[in-house]
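One structure is given below, encoded as structure tokens.
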Protein chains: 2
Amino acid sequence: MNLDKFDLAILASLQRNARASLSEIGAEVGLSSTPCWNRIKRMEQAGVIRGYTVDLDPAQLGYQDTVIVHVTLDDHSEQTLYEFGRALADIPEVLEAYLVSGDYDYYIRIAVRDTRDYERLLRERLYLIPGIRHSKSSFVLRQLKQGRLPLQRKDT
Amino acid sequence: MNLDKFDLAILASLQRNARASLSEIGAEVGLSSTPCWNRIKRMEQAGVIRGYTVDLDPAQLGYQDTVIVHVTLDDHSEQTLYEFGRALADIPEVLEAYLVSGDYDYYIRIAVRDTRDYERLLRERLYLIPGIRHSKSSFVLRQLKQGRLPLQRKDT
DNA sequence: AGTGAAAAGGCTTTAAC
DNA sequence: GTTAAAGCCTTTTCACT
């Protein structure tokens, strides 16, 4: 899908505030609300826009800690991978999970209420998944950055 | 801040669709639009709601790959940490950065257009940051999960 | 606290450029 | 592709429970 500078400006505006009104967005990007609406619908249809969500403060919702877990599986068959993905999908505290190249097979980021909750999660959920050969946890001491996808034209 | 089941239901609704109207949210949670509006404003004020954003498809915006970089710094002084955080903040492709316990000091997730872009980023941006002792990159082969913070009462 | 109504404003469509 | 205008729906306030 081809996106011009107005589309990218609209996306950047939505990244900053997805609940802004169409006239606010239009004023930001230099367009009236009608073309903004048309462009947004087009991008939703095309799947460039996957949805709109809210940025919440984990600490105020009881999640004091973030843990990054590295996991290696016993074998690398498609079936094992699939089952591992399914098992992770069932654990609500798992916020991100990546299959990666390199020493470890998976990087998983989980939100935990505290260290007790972390211990419970590992014992009662993660370690019950069959096929885990090895895992290593790192507690997040500080989040240094939470960025948004940079939006600019490829040819600039 | 104390959140009751209605607050949590409103947040869950906003997680699913942050652009829903107040009447839609109200219908979902079993309230009229007025108390929904009041509760949302209260949660925005309190910082539970940090903002509203859009979920975009990175591939359609030209970012085909995700790389996770582990970085160790030369020393662990607060000043070095601060400067490293500042430098990362200036790199738009850095989407997440965590200071962690364990073998490595930082986990960084970056969005790259392709392997050439990755090489450029490392050489022209990341490796120019002073104080890096060691780093290791892992390419993401597949994203297995992208979850949202679980929202439920602590006492249930 | 919540509801419902009313005013103000914004969204979405149609039509015209 | 754009803008302008019309009708409708939503947001927001307010009075009342």
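In the structure tokens, chains take the letters A, B, ... in the order shown, each chain's residues start at 1, and ligands count up from 1 in the order shown.
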
After superposing chain B onto chain A (least squares, all C-alpha atoms, pairing by order), export the transformed chain as a short mmCIF file (atom, residue, chain, number, x, y, z; two decimals) with N, CA and C atoms, in the first residue's frame.
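Final output, out.cif:
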data_model
loop_
_atom_site.label_atom_id
_atom_site.label_comp_id
_atom_site.auth_asym_id
_atom_site.auth_seq_id
_atom_site.Cartn_x
_atom_site.Cartn_y
_atom_site.Cartn_z
N MET B 1 0.84 -1.18 -0.05
CA MET B 1 0.00 0.03 -0.04
C MET B 1 0.86 1.28 -0.05
N ASN B 2 0.46 2.26 -0.86
CA ASN B 2 1.22 3.50 -0.96
C ASN B 2 0.70 4.56 0.01
N LEU B 3 1.60 5.07 0.81
CA LEU B 3 1.23 6.09 1.79
C LEU B 3 1.95 7.39 1.46
N ASP B 4 1.19 8.46 1.36
CA ASP B 4 1.83 9.75 1.10
C ASP B 4 2.10 10.46 2.41
N LYS B 5 2.61 11.69 2.31
CA LYS B 5 3.00 12.41 3.53
C LYS B 5 1.80 12.72 4.42
N PHE B 6 0.62 12.87 3.84
CA PHE B 6 -0.57 13.12 4.66
C PHE B 6 -0.93 11.87 5.47
N ASP B 7 -0.87 10.71 4.81
CA ASP B 7 -1.15 9.46 5.54
C ASP B 7 -0.20 9.31 6.72
N LEU B 8 1.08 9.53 6.47
CA LEU B 8 2.06 9.36 7.53
C LEU B 8 1.84 10.38 8.64
N ALA B 9 1.45 11.61 8.26
CA ALA B 9 1.18 12.63 9.28
C ALA B 9 -0.03 12.24 10.12
N ILE B 10 -1.04 11.66 9.47
CA ILE B 10 -2.22 11.20 10.22
C ILE B 10 -1.84 10.08 11.19
N LEU B 11 -1.03 9.15 10.73
CA LEU B 11 -0.59 8.06 11.60
C LEU B 11 0.23 8.59 12.78
N ALA B 12 1.09 9.55 12.51
CA ALA B 12 1.90 10.13 13.59
C ALA B 12 1.00 10.81 14.61
N SER B 13 -0.02 11.49 14.12
CA SER B 13 -0.97 12.14 15.01
C SER B 13 -1.71 11.12 15.86
N LEU B 14 -2.13 10.02 15.25
CA LEU B 14 -2.82 8.96 15.99
C LEU B 14 -1.89 8.27 16.98
N GLN B 15 -0.61 8.16 16.63
CA GLN B 15 0.36 7.60 17.58
C GLN B 15 0.41 8.44 18.84
N ARG B 16 0.36 9.77 18.66
CA ARG B 16 0.42 10.68 19.82
C ARG B 16 -0.88 10.67 20.59
N ASN B 17 -2.00 10.66 19.89
CA ASN B 17 -3.30 10.63 20.55
C ASN B 17 -4.35 9.99 19.66
N ALA B 18 -4.61 8.71 19.91
CA ALA B 18 -5.53 7.95 19.07
C ALA B 18 -6.99 8.35 19.30
N ARG B 19 -7.26 9.10 20.35
CA ARG B 19 -8.64 9.53 20.59
C ARG B 19 -8.93 10.95 20.12
N ALA B 20 -7.99 11.55 19.43
CA ALA B 20 -8.22 12.89 18.89
C ALA B 20 -9.37 12.87 17.89
N SER B 21 -10.11 13.97 17.80
CA SER B 21 -11.20 14.05 16.83
C SER B 21 -10.61 14.26 15.43
N LEU B 22 -11.45 13.97 14.44
CA LEU B 22 -10.99 14.13 13.06
C LEU B 22 -10.62 15.58 12.75
N SER B 23 -11.34 16.52 13.37
CA SER B 23 -11.02 17.93 13.09
C SER B 23 -9.66 18.29 13.70
N GLU B 24 -9.37 17.74 14.90
CA GLU B 24 -8.05 17.98 15.49
C GLU B 24 -6.95 17.40 14.61
N ILE B 25 -7.15 16.17 14.18
CA ILE B 25 -6.17 15.52 13.31
C ILE B 25 -6.00 16.33 12.03
N GLY B 26 -7.15 16.73 11.45
CA GLY B 26 -7.11 17.52 10.23
C GLY B 26 -6.32 18.80 10.40
N ALA B 27 -6.54 19.49 11.51
CA ALA B 27 -5.82 20.74 11.76
C ALA B 27 -4.32 20.48 11.86
N GLU B 28 -3.96 19.37 12.49
CA GLU B 28 -2.54 19.04 12.64
C GLU B 28 -1.86 18.78 11.31
N VAL B 29 -2.56 18.06 10.44
CA VAL B 29 -1.91 17.64 9.20
C VAL B 29 -2.20 18.58 8.03
N GLY B 30 -3.08 19.57 8.23
CA GLY B 30 -3.38 20.51 7.18
C GLY B 30 -4.39 20.03 6.16
N LEU B 31 -5.40 19.34 6.67
CA LEU B 31 -6.46 18.80 5.81
C LEU B 31 -7.78 18.99 6.54
N SER B 32 -8.88 18.96 5.82
CA SER B 32 -10.17 18.99 6.52
C SER B 32 -10.52 17.58 7.00
N SER B 33 -11.59 17.48 7.77
CA SER B 33 -11.86 16.21 8.43
C SER B 33 -12.26 15.10 7.44
N THR B 34 -12.91 15.46 6.37
CA THR B 34 -13.37 14.44 5.42
C THR B 34 -12.23 13.60 4.83
N PRO B 35 -11.21 14.21 4.22
CA PRO B 35 -10.12 13.36 3.70
C PRO B 35 -9.40 12.59 4.81
N CYS B 36 -9.31 13.16 6.00
CA CYS B 36 -8.71 12.40 7.11
C CYS B 36 -9.51 11.14 7.37
N TRP B 37 -10.82 11.29 7.41
CA TRP B 37 -11.68 10.14 7.64
C TRP B 37 -11.49 9.09 6.55
N ASN B 38 -11.49 9.54 5.28
CA ASN B 38 -11.31 8.61 4.16
C ASN B 38 -9.98 7.87 4.25
N ARG B 39 -8.92 8.61 4.56
CA ARG B 39 -7.59 8.00 4.62
C ARG B 39 -7.49 7.01 5.77
N ILE B 40 -8.08 7.37 6.92
CA ILE B 40 -8.02 6.46 8.06
C ILE B 40 -8.76 5.17 7.74
N LYS B 41 -9.95 5.30 7.16
CA LYS B 41 -10.73 4.10 6.80
C LYS B 41 -9.94 3.24 5.82
N ARG B 42 -9.29 3.89 4.86
CA ARG B 42 -8.50 3.15 3.87
C ARG B 42 -7.36 2.39 4.55
N MET B 43 -6.71 3.04 5.51
CA MET B 43 -5.58 2.41 6.18
C MET B 43 -6.04 1.32 7.15
N GLU B 44 -7.22 1.49 7.72
CA GLU B 44 -7.77 0.42 8.55
C GLU B 44 -8.07 -0.81 7.69
N GLN B 45 -8.69 -0.55 6.56
CA GLN B 45 -9.04 -1.62 5.62
C GLN B 45 -7.80 -2.38 5.17
N ALA B 46 -6.76 -1.64 4.86
CA ALA B 46 -5.53 -2.24 4.33
C ALA B 46 -4.72 -2.94 5.42
N GLY B 47 -5.08 -2.72 6.69
CA GLY B 47 -4.35 -3.37 7.77
C GLY B 47 -3.12 -2.62 8.21
N VAL B 48 -2.87 -1.46 7.63
CA VAL B 48 -1.76 -0.64 8.13
C VAL B 48 -2.07 -0.25 9.57
N ILE B 49 -3.32 0.16 9.80
CA ILE B 49 -3.81 0.38 11.16
C ILE B 49 -4.44 -0.92 11.64
N ARG B 50 -3.84 -1.51 12.67
CA ARG B 50 -4.37 -2.77 13.19
C ARG B 50 -5.40 -2.56 14.28
N GLY B 51 -5.32 -1.40 14.94
CA GLY B 51 -6.28 -1.12 16.00
C GLY B 51 -5.83 0.08 16.81
N TYR B 52 -6.64 0.40 17.81
CA TYR B 52 -6.34 1.53 18.66
C TYR B 52 -6.32 1.04 20.10
N THR B 53 -5.31 1.46 20.85
CA THR B 53 -5.22 0.93 22.20
C THR B 53 -4.81 2.03 23.18
N VAL B 54 -4.85 1.66 24.45
CA VAL B 54 -4.58 2.62 25.49
C VAL B 54 -3.23 2.28 26.13
N ASP B 55 -2.49 3.31 26.48
CA ASP B 55 -1.20 3.12 27.13
C ASP B 55 -1.41 3.27 28.63
N LEU B 56 -1.28 2.16 29.35
CA LEU B 56 -1.57 2.16 30.79
C LEU B 56 -0.29 2.13 31.61
N ASP B 57 -0.38 2.60 32.84
CA ASP B 57 0.74 2.55 33.76
C ASP B 57 0.70 1.21 34.51
N PRO B 58 1.61 0.30 34.20
CA PRO B 58 1.56 -1.04 34.80
C PRO B 58 1.63 -0.99 36.32
N ALA B 59 2.45 -0.11 36.86
CA ALA B 59 2.63 -0.04 38.32
C ALA B 59 1.30 0.26 39.01
N GLN B 60 0.52 1.20 38.45
CA GLN B 60 -0.75 1.57 39.07
C GLN B 60 -1.79 0.46 38.93
N LEU B 61 -1.53 -0.49 38.05
CA LEU B 61 -2.45 -1.61 37.90
C LEU B 61 -1.94 -2.84 38.64
N GLY B 62 -0.91 -2.64 39.45
CA GLY B 62 -0.46 -3.73 40.30
C GLY B 62 0.73 -4.51 39.77
N TYR B 63 1.19 -4.15 38.57
CA TYR B 63 2.33 -4.86 38.01
C TYR B 63 3.60 -4.05 38.24
N GLN B 64 4.27 -4.36 39.34
CA GLN B 64 5.43 -3.58 39.75
C GLN B 64 6.67 -3.95 38.95
N ASP B 65 6.73 -5.17 38.47
CA ASP B 65 7.97 -5.64 37.85
C ASP B 65 7.77 -6.20 36.45
N THR B 66 8.86 -6.11 35.70
CA THR B 66 8.92 -6.70 34.37
C THR B 66 10.09 -7.68 34.36
N VAL B 67 9.85 -8.84 33.79
CA VAL B 67 10.91 -9.84 33.72
C VAL B 67 11.08 -10.26 32.27
N ILE B 68 12.33 -10.39 31.85
CA ILE B 68 12.61 -10.89 30.51
C ILE B 68 13.18 -12.29 30.66
N VAL B 69 12.52 -13.25 30.02
CA VAL B 69 12.92 -14.64 30.16
C VAL B 69 13.44 -15.15 28.81
N HIS B 70 14.59 -15.79 28.86
CA HIS B 70 15.15 -16.43 27.66
C HIS B 70 14.91 -17.91 27.78
N VAL B 71 14.39 -18.49 26.74
CA VAL B 71 14.03 -19.92 26.79
C VAL B 71 14.62 -20.67 25.60
N THR B 72 15.19 -21.83 25.87
CA THR B 72 15.62 -22.74 24.80
C THR B 72 14.75 -23.98 24.87
N LEU B 73 14.29 -24.44 23.72
CA LEU B 73 13.45 -25.64 23.68
C LEU B 73 14.30 -26.87 23.33
N ASP B 74 13.74 -28.02 23.65
CA ASP B 74 14.45 -29.27 23.38
C ASP B 74 14.67 -29.51 21.90
N ASP B 75 13.63 -29.35 21.14
CA ASP B 75 13.81 -29.52 19.70
C ASP B 75 13.18 -28.35 18.97
N HIS B 76 13.47 -28.25 17.70
CA HIS B 76 13.08 -27.06 16.95
C HIS B 76 12.07 -27.38 15.86
N SER B 77 11.30 -28.43 16.09
CA SER B 77 10.30 -28.78 15.09
C SER B 77 9.17 -27.75 15.09
N GLU B 78 8.48 -27.70 13.98
CA GLU B 78 7.39 -26.74 13.84
C GLU B 78 6.29 -27.03 14.86
N GLN B 79 6.10 -28.30 15.17
CA GLN B 79 5.04 -28.65 16.12
C GLN B 79 5.37 -28.17 17.53
N THR B 80 6.60 -28.36 17.95
CA THR B 80 7.02 -27.89 19.27
C THR B 80 6.88 -26.38 19.36
N LEU B 81 7.32 -25.71 18.32
CA LEU B 81 7.22 -24.26 18.26
C LEU B 81 5.76 -23.83 18.37
N TYR B 82 4.90 -24.51 17.62
CA TYR B 82 3.49 -24.17 17.61
C TYR B 82 2.88 -24.33 19.00
N GLU B 83 3.20 -25.47 19.64
CA GLU B 83 2.64 -25.73 20.96
C GLU B 83 3.16 -24.74 22.01
N PHE B 84 4.40 -24.38 21.87
CA PHE B 84 4.97 -23.40 22.80
C PHE B 84 4.27 -22.04 22.62
N GLY B 85 4.06 -21.64 21.40
CA GLY B 85 3.34 -20.39 21.12
C GLY B 85 1.94 -20.42 21.70
N ARG B 86 1.25 -21.54 21.52
CA ARG B 86 -0.10 -21.71 22.07
C ARG B 86 -0.10 -21.57 23.58
N ALA B 87 0.87 -22.23 24.22
CA ALA B 87 0.95 -22.19 25.68
C ALA B 87 1.20 -20.77 26.17
N LEU B 88 2.07 -20.05 25.47
CA LEU B 88 2.35 -18.66 25.87
C LEU B 88 1.13 -17.78 25.70
N ALA B 89 0.36 -18.04 24.63
CA ALA B 89 -0.83 -17.24 24.38
C ALA B 89 -1.82 -17.35 25.53
N ASP B 90 -1.78 -18.48 26.23
CA ASP B 90 -2.71 -18.71 27.34
C ASP B 90 -2.26 -18.06 28.64
N ILE B 91 -1.05 -17.51 28.68
CA ILE B 91 -0.58 -16.88 29.90
C ILE B 91 -0.73 -15.36 29.75
N PRO B 92 -1.71 -14.78 30.44
CA PRO B 92 -2.00 -13.35 30.20
C PRO B 92 -0.82 -12.45 30.52
N GLU B 93 0.00 -12.85 31.47
CA GLU B 93 1.12 -11.99 31.88
C GLU B 93 2.21 -11.90 30.82
N VAL B 94 2.19 -12.79 29.83
CA VAL B 94 3.18 -12.73 28.75
C VAL B 94 2.79 -11.61 27.80
N LEU B 95 3.58 -10.55 27.76
CA LEU B 95 3.25 -9.39 26.93
C LEU B 95 3.89 -9.45 25.55
N GLU B 96 5.06 -10.03 25.45
CA GLU B 96 5.73 -10.16 24.17
C GLU B 96 6.45 -11.49 24.14
N ALA B 97 6.51 -12.11 22.99
CA ALA B 97 7.27 -13.34 22.83
C ALA B 97 7.81 -13.40 21.41
N TYR B 98 9.11 -13.61 21.30
CA TYR B 98 9.77 -13.64 19.99
C TYR B 98 10.57 -14.93 19.83
N LEU B 99 10.45 -15.51 18.67
CA LEU B 99 11.37 -16.57 18.26
C LEU B 99 12.56 -15.90 17.61
N VAL B 100 13.76 -16.18 18.10
CA VAL B 100 14.93 -15.43 17.60
C VAL B 100 16.04 -16.35 17.13
N SER B 101 16.92 -15.77 16.33
CA SER B 101 18.17 -16.43 15.98
C SER B 101 19.16 -16.23 17.11
N GLY B 102 20.18 -17.07 17.18
CA GLY B 102 21.21 -16.87 18.19
C GLY B 102 21.19 -17.92 19.27
N ASP B 103 21.78 -17.63 20.40
CA ASP B 103 21.99 -18.61 21.47
C ASP B 103 20.68 -19.12 22.06
N TYR B 104 19.76 -18.20 22.33
CA TYR B 104 18.50 -18.61 22.93
C TYR B 104 17.44 -18.71 21.84
N ASP B 105 16.41 -19.41 22.10
CA ASP B 105 15.37 -19.58 21.09
C ASP B 105 14.27 -18.55 21.20
N TYR B 106 13.94 -18.15 22.45
CA TYR B 106 12.83 -17.23 22.65
C TYR B 106 13.20 -16.14 23.63
N TYR B 107 12.69 -14.95 23.35
CA TYR B 107 12.73 -13.86 24.32
C TYR B 107 11.30 -13.57 24.69
N ILE B 108 11.03 -13.59 25.97
CA ILE B 108 9.67 -13.37 26.45
C ILE B 108 9.69 -12.26 27.48
N ARG B 109 8.77 -11.33 27.35
CA ARG B 109 8.67 -10.28 28.37
C ARG B 109 7.38 -10.47 29.14
N ILE B 110 7.47 -10.57 30.45
CA ILE B 110 6.27 -10.78 31.25
C ILE B 110 6.12 -9.68 32.30
N ALA B 111 4.87 -9.38 32.61
CA ALA B 111 4.56 -8.42 33.68
C ALA B 111 4.21 -9.21 34.92
N VAL B 112 4.84 -8.88 36.03
CA VAL B 112 4.54 -9.58 37.28
C VAL B 112 4.22 -8.58 38.38
N ARG B 113 3.39 -9.03 39.35
CA ARG B 113 3.00 -8.12 40.43
C ARG B 113 4.18 -7.86 41.38
N ASP B 114 4.95 -8.92 41.64
CA ASP B 114 6.10 -8.81 42.54
C ASP B 114 6.94 -10.07 42.37
N THR B 115 7.96 -10.24 43.19
CA THR B 115 8.83 -11.41 43.01
C THR B 115 8.10 -12.71 43.34
N ARG B 116 7.18 -12.65 44.28
CA ARG B 116 6.40 -13.85 44.61
C ARG B 116 5.54 -14.25 43.41
N ASP B 117 4.96 -13.27 42.77
CA ASP B 117 4.13 -13.52 41.59
C ASP B 117 4.99 -14.09 40.46
N TYR B 118 6.19 -13.58 40.34
CA TYR B 118 7.13 -14.08 39.33
C TYR B 118 7.43 -15.56 39.56
N GLU B 119 7.72 -15.89 40.82
CA GLU B 119 8.04 -17.27 41.17
C GLU B 119 6.86 -18.19 40.87
N ARG B 120 5.66 -17.71 41.23
CA ARG B 120 4.44 -18.48 40.97
C ARG B 120 4.24 -18.72 39.47
N LEU B 121 4.42 -17.65 38.70
CA LEU B 121 4.24 -17.73 37.25
C LEU B 121 5.18 -18.75 36.63
N LEU B 122 6.43 -18.68 37.03
CA LEU B 122 7.42 -19.61 36.48
C LEU B 122 7.05 -21.05 36.85
N ARG B 123 6.77 -21.27 38.13
CA ARG B 123 6.53 -22.63 38.60
C ARG B 123 5.21 -23.18 38.09
N GLU B 124 4.16 -22.37 38.15
CA GLU B 124 2.82 -22.88 37.84
C GLU B 124 2.44 -22.77 36.36
N ARG B 125 3.12 -21.91 35.63
CA ARG B 125 2.73 -21.74 34.23
C ARG B 125 3.88 -22.07 33.26
N LEU B 126 4.95 -21.31 33.33
CA LEU B 126 5.99 -21.44 32.32
C LEU B 126 6.66 -22.81 32.36
N TYR B 127 7.03 -23.27 33.57
CA TYR B 127 7.78 -24.53 33.66
C TYR B 127 6.91 -25.75 33.40
N LEU B 128 5.60 -25.55 33.34
CA LEU B 128 4.71 -26.67 33.01
C LEU B 128 4.64 -26.92 31.51
N ILE B 129 5.12 -25.95 30.75
CA ILE B 129 5.12 -26.14 29.30
C ILE B 129 6.17 -27.20 28.96
N PRO B 130 5.77 -28.24 28.24
CA PRO B 130 6.75 -29.30 27.95
C PRO B 130 7.76 -28.83 26.89
N GLY B 131 8.96 -29.37 26.99
CA GLY B 131 9.94 -29.12 25.95
C GLY B 131 10.96 -28.05 26.27
N ILE B 132 10.85 -27.42 27.44
CA ILE B 132 11.82 -26.39 27.79
C ILE B 132 13.12 -27.04 28.27
N ARG B 133 14.20 -26.72 27.57
CA ARG B 133 15.49 -27.28 27.95
C ARG B 133 16.18 -26.40 28.98
N HIS B 134 16.06 -25.11 28.79
CA HIS B 134 16.83 -24.19 29.61
C HIS B 134 16.14 -22.83 29.61
N SER B 135 16.22 -22.11 30.72
CA SER B 135 15.67 -20.76 30.72
C SER B 135 16.47 -19.88 31.66
N LYS B 136 16.43 -18.59 31.39
CA LYS B 136 17.17 -17.63 32.21
C LYS B 136 16.33 -16.37 32.35
N SER B 137 16.17 -15.88 33.58
CA SER B 137 15.35 -14.70 33.81
C SER B 137 16.21 -13.49 34.13
N SER B 138 15.80 -12.34 33.62
CA SER B 138 16.45 -11.08 33.98
C SER B 138 15.37 -10.11 34.44
N PHE B 139 15.53 -9.58 35.63
CA PHE B 139 14.59 -8.57 36.11
C PHE B 139 14.91 -7.22 35.50
N VAL B 140 13.87 -6.51 35.10
CA VAL B 140 14.08 -5.16 34.58
C VAL B 140 14.23 -4.21 35.76
N LEU B 141 15.36 -3.52 35.80
CA LEU B 141 15.61 -2.57 36.87
C LEU B 141 15.03 -1.20 36.53
N ARG B 142 15.05 -0.87 35.24
CA ARG B 142 14.56 0.42 34.81
C ARG B 142 14.19 0.35 33.33
N GLN B 143 13.07 0.96 32.97
CA GLN B 143 12.74 1.08 31.54
C GLN B 143 13.31 2.39 31.04
N LEU B 144 14.23 2.30 30.07
CA LEU B 144 14.90 3.51 29.58
C LEU B 144 14.15 4.17 28.44
N LYS B 145 13.39 3.40 27.70
CA LYS B 145 12.70 3.98 26.55
C LYS B 145 11.49 3.16 26.15
N GLN B 146 10.44 3.84 25.75
CA GLN B 146 9.30 3.18 25.12
C GLN B 146 8.96 4.03 23.91
N GLY B 147 9.37 3.57 22.76
CA GLY B 147 9.25 4.40 21.56
C GLY B 147 8.13 3.95 20.66
N ARG B 148 7.86 4.76 19.65
CA ARG B 148 6.87 4.40 18.63
C ARG B 148 7.57 4.24 17.30
N LEU B 149 6.98 3.43 16.46
CA LEU B 149 7.54 3.19 15.13
C LEU B 149 7.80 4.53 14.43
N PRO B 150 9.03 4.74 13.93
CA PRO B 150 9.30 5.98 13.21
C PRO B 150 8.54 6.00 11.89
N LEU B 151 7.94 7.14 11.59
CA LEU B 151 7.13 7.24 10.37
C LEU B 151 7.70 8.30 9.45
N GLN B 152 8.31 7.85 8.39
CA GLN B 152 8.78 8.79 7.39
C GLN B 152 8.82 8.08 6.05
N ARG B 153 8.81 8.88 4.99
CA ARG B 153 8.82 8.29 3.66
C ARG B 153 10.15 7.60 3.42
N LYS B 154 10.07 6.51 2.68
CA LYS B 154 11.28 5.72 2.43
C LYS B 154 12.28 6.50 1.58
N ASP B 155 11.78 7.41 0.74
CA ASP B 155 12.66 8.10 -0.21
C ASP B 155 13.16 9.45 0.29
N THR B 156 12.92 9.79 1.52
CA THR B 156 13.38 11.09 2.02
C THR B 156 14.62 10.91 2.88
#

Within 10 Å of stretch 6-14 of chain C, which residues of chain D show up? Give each one with its shortest atom-to-atom distance in Å (one decimal) and the two atoms involved, counting only C-alpha atoms (C1' of nucleotides), rows by chain then rising residue number, as a tab-separated table.
residue	atom	partner	partner_atom	distance
D:DA5	C1'	C:DT14	C1'	9.2
D:DA6	C1'	C:DT14	C1'	8.6
D:DG7	C1'	C:DT13	C1'	8.8
D:DC8	C1'	C:DT12	C1'	8.5
D:DC9	C1'	C:DC11	C1'	7.4
D:DT10	C1'	C:DG10	C1'	7.4
D:DT11	C1'	C:DG9	C1'	7.7
D:DT12	C1'	C:DA8	C1'	8.2
D:DT13	C1'	C:DA7	C1'	8.4
D:DC14	C1'	C:DA6	C1'	8.8

Which of stretch 10-153 of chain A DSSP labels alpha helix (DSSP H), written as a PyMOL selection string: chain A and resi 10-16+22-29+33-46+78-89+115-124

Neighbour list for C:DC17 as a list in words, cut-off 12 Å, only C-alpha atoms (C1' of nucleotides), skip fewer than 6 positions in-chain: DG1, DT2, DT3 and DA4 of chain D

Can you write out as CSV which residues of chain C fall within 12 Å of chain B, alongside each residue's closest atom pair and its distance in Å to one decimal, counting only C-alpha atoms (C1' of nucleotides) and ordering rows by chain and ascending residue number?
residue,atom,partner,partner_atom,distance
C:DA1,C1',B:Pro35,CA,9.3
C:DG2,C1',B:Pro35,CA,7.1
C:DT3,C1',B:Ser32,CA,7.6
C:DG4,C1',B:Ser32,CA,9.4
C:DA5,C1',B:Thr34,CA,11.9
C:DG10,C1',B:Ser21,CA,11.8
C:DC11,C1',B:Ser21,CA,11.0
